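Working notes, beginning with the structure itself.
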Amino acid sequence: MSDPLLLRDDRDGVATLTLNRPRARNALSHALLTALSEEFARLSADGSVRAVVLAADGPAFCAGHDLKEMTAYRAEADRGAARFKELFDLCSSVMMAIPALPQPVIAAVEGIATAAGCQMVASCDLAVAGEEARFATPGVQIGLFCSTPMVALSRNLSRKAAMAMLLTAEMADAEEARALGLVNRVVAAGTALAAAQDIAAGIAARSAYTVRVGKRAFYEQLEMPLAEAYAHAGRVMTENMLARAAEDGIAAFLDRKAAR
């Protein structure tokens, strides 16, 4: 029997998902994308999980789409058009599921994260990179512009920084990725997972309601004009103020006590 493509380990409110195709550099095959989609659906309904860490087994975080699998689609009568569309639609739904999850998702990146792998890092709420991690959107080198990775990348980086990655296909090292805003923190090689889990544990100690409301509001307001964003955020804060978490937390702060 083959090993599972995706592993899950739950500890103290933190679920760690591990891409498990190390020999294929954790390329996003149709089956792996399906496994991710199904696991994200389960996490969305799992109130015991407060934060999620997304990691990978082996020397690479994720090398993007499985090009061997995609090339095999060309043997079909439509030269693979229907299968390509299905694959890219599935991948897009997986990437959109990450910010839609009620729990924050933290990428723990070691090795390369290229093309759709880089897209996955950009789709996560936070990212920690080992100092030897590398990031690129190199599709232009093989005649396939990284158009879907572009969506997530352009929402993390400035326009010119995103276009530079997309047009030049140059590798960005971990420190450059941090400076560009693609990752939050760079740590010693081999310690990204532990660092991401530490961040997740801190988040898991907070009010799940407050984190859920805040994450949802963050992504909602990003797509709004300034005045509409402030009006929406004000409504969210009003709702949040009426919640027990805020009432108890503010009272504890004013009384100089530790909030529960």
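Here's how to read the names in the structure tokens: chain A, B, ... by the order shown, residue numbers from 1 in each chain, ligand numbers from 1 in the order shown.
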
For Ala177 in chain A, please output as a ChimeraX atom specification all residues within 12 Å (counting only C-alpha atoms; exclusion window: fewer than 4 positions along the same chain). /A:109,112-113,118,121-122,127-136,153,156-157,161-162,165,170-173,181-186

Just the residues within 8 Å of Arg8 in chain A, please, counting only C-alpha atoms, with nothing from its chain fewer than 4 positions along; format it as number ranges by chain. A: 15-18

Which residue gives the smallest distance to Pro138 in chain A among A:Ser123, A:Lys160, A:Ala200, A:His65, with only C-alpha atoms counted?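 Using only C-alpha atoms, the shortest distance to Pro138 in chain A belongs to A:His65.
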
Which one of A:Glu247, A:Leu5, A:Arg50, A:Ala188 sits closest to Pro102 in chain A if you count only C-alpha atoms?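 Once distances to Pro102 in chain A are computed over only C-alpha atoms, the minimum belongs to A:Arg50.
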
Using only C-alpha atoms, which of the listed residues (A:Arg216, A:Arg11, A:Arg206, A:Lys68) sits closest to Val49 in chain A? A:Arg11

Can you pull out every residue within 9 Å of Ile106 in chain A, counting only C-alpha atoms, but drop anything in the same chain fewer than 6 positions away, and send it as a ChimeraX atom specification? /A:51-55,121,124-128,196-197,199-200

Work out how far CA of Gly234 in chain A is from CA of Tyr219 in chain A, in Å to one decimal.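 Going from CA of Tyr219 in chain A over to CA of Gly234 in chain A covers 14.7 Å.
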
Just asking: which residues within range 65-123 of chain A are strand (DSSP E or B) according to DSSP, as a list in words? His65, Val105, Ile106, Ala107, Ala108, Val109, Ile112, Ala113 and Thr114 of chain A

Dump of N, CA and C atoms for the selected residues, as a CSV table (one decimal), in the first residue's frame:
chain,number,residue,atom,x,y,z
A,65,HIS,N,2.8,22.3,-9.5
A,65,HIS,CA,1.9,21.2,-10.1
A,65,HIS,C,2.8,20.0,-10.6
A,105,VAL,N,-3.7,29.8,9.3
A,105,VAL,CA,-2.9,28.8,8.7
A,105,VAL,C,-1.5,29.3,8.5
A,106,ILE,N,-0.5,28.6,9.1
A,106,ILE,CA,0.9,29.0,9.1
A,106,ILE,C,1.7,28.0,8.2
A,107,ALA,N,2.4,28.5,7.2
A,107,ALA,CA,3.2,27.7,6.4
A,107,ALA,C,4.6,27.5,7.0
A,108,ALA,N,5.1,26.3,7.1
A,108,ALA,CA,6.5,26.1,7.6
A,108,ALA,C,7.3,25.6,6.4
A,109,VAL,N,8.2,26.4,5.9
A,109,VAL,CA,8.8,26.2,4.6
A,109,VAL,C,10.3,25.8,4.7
A,112,ILE,N,12.6,24.3,-1.4
A,112,ILE,CA,12.0,25.2,-2.4
A,112,ILE,C,10.5,25.2,-2.3
A,113,ALA,N,9.9,26.4,-2.7
A,113,ALA,CA,8.5,26.5,-2.8
A,113,ALA,C,8.3,27.3,-4.1
A,114,THR,N,8.0,26.5,-5.2
A,114,THR,CA,8.0,27.1,-6.5
A,114,THR,C,6.6,27.0,-7.2

Which residue is closest to Val213 in chain A? Choose from A:Arg159, A:Arg256, A:Arg235, A:Arg23 and count only C-alpha atoms.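 Smallest distance to Val213 in chain A is found for A:Arg235.
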
So which residues touch Met163 in chain A within 9 Å, counting only C-alpha atoms, skipping near sequence neighbours fewer than 4 positions away, as a PDB file with N, CA, C and O atoms, in the first residue's frame?
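Done, and the output landed in around-v3.pdb:
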ATOM      1  N   MET A 150       0.081  33.876  -9.613  1.00  0.00           N
ATOM      2  CA  MET A 150       0.111  35.338  -9.665  1.00  0.00           C
ATOM      3  C   MET A 150      -0.970  35.964  -8.781  1.00  0.00           C
ATOM      4  O   MET A 150      -0.759  37.022  -8.170  1.00  0.00           O
ATOM      5  N   SER A 154       0.370  38.472  -6.040  1.00  0.00           N
ATOM      6  CA  SER A 154       0.101  39.903  -6.195  1.00  0.00           C
ATOM      7  C   SER A 154      -0.673  40.479  -5.025  1.00  0.00           C
ATOM      8  O   SER A 154      -0.768  41.705  -4.885  1.00  0.00           O
ATOM      9  N   SER A 158       4.280  43.891  -3.503  1.00  0.00           N
ATOM     10  CA  SER A 158       3.982  45.054  -4.330  1.00  0.00           C
ATOM     11  C   SER A 158       3.867  44.611  -5.791  1.00  0.00           C
ATOM     12  O   SER A 158       4.331  43.528  -6.163  1.00  0.00           O
ATOM     13  N   ARG A 159       3.256  45.443  -6.620  1.00  0.00           N
ATOM     14  CA  ARG A 159       3.078  45.070  -8.030  1.00  0.00           C
ATOM     15  C   ARG A 159       4.406  44.766  -8.711  1.00  0.00           C
ATOM     16  O   ARG A 159       4.556  43.759  -9.415  1.00  0.00           O
ATOM     17  N   LEU A 167       8.157  37.421 -14.050  1.00  0.00           N
ATOM     18  CA  LEU A 167       8.791  37.612 -15.359  1.00  0.00           C
ATOM     19  C   LEU A 167      10.222  37.103 -15.428  1.00  0.00           C
ATOM     20  O   LEU A 167      10.670  36.647 -16.479  1.00  0.00           O
ATOM     21  N   THR A 168      10.945  37.194 -14.321  1.00  0.00           N
ATOM     22  CA  THR A 168      12.349  36.785 -14.353  1.00  0.00           C
ATOM     23  C   THR A 168      12.568  35.342 -13.946  1.00  0.00           C
ATOM     24  O   THR A 168      13.587  34.749 -14.302  1.00  0.00           O
TER      25      THR A 168
END

Length of the CA of Arg212 in chain A to CA of Ala115 in chain A vector [Å]: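 Computing the Euclidean distance for CA of Arg212 in chain A and CA of Ala115 in chain A yields 29.0 Å.
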
Looking at only C-alpha atoms, which of A:Gly80, A:Pro22, A:Pro4, A:Pro99 is the one that sits closest to Glu220 in chain A?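 Residue with the minimum atom-to-atom distance to Glu220 in chain A: A:Pro99.
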
Looking at only C-alpha atoms, which of A:Glu38, A:Asp57, A:Asp3, A:Asp12 is the one that sits closest to Leu193 in chain A? A:Asp57

Apply DSSP to the backbone of this structure and, from range 51-95 of chain A, keep only the residues in alpha helix (DSSP H); write these as a list in words.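 Those in range 51-95 of chain A that DSSP calls alpha helix (DSSP H) are Leu67, Lys68, Glu69, Met70, Thr71, Ala72, Ala81, Ala82, Arg83, Phe84, Lys85, Glu86, Leu87, Phe88, Asp89, Leu90, Cys91, Ser92, Ser93, Val94 and Met95 of chain A.
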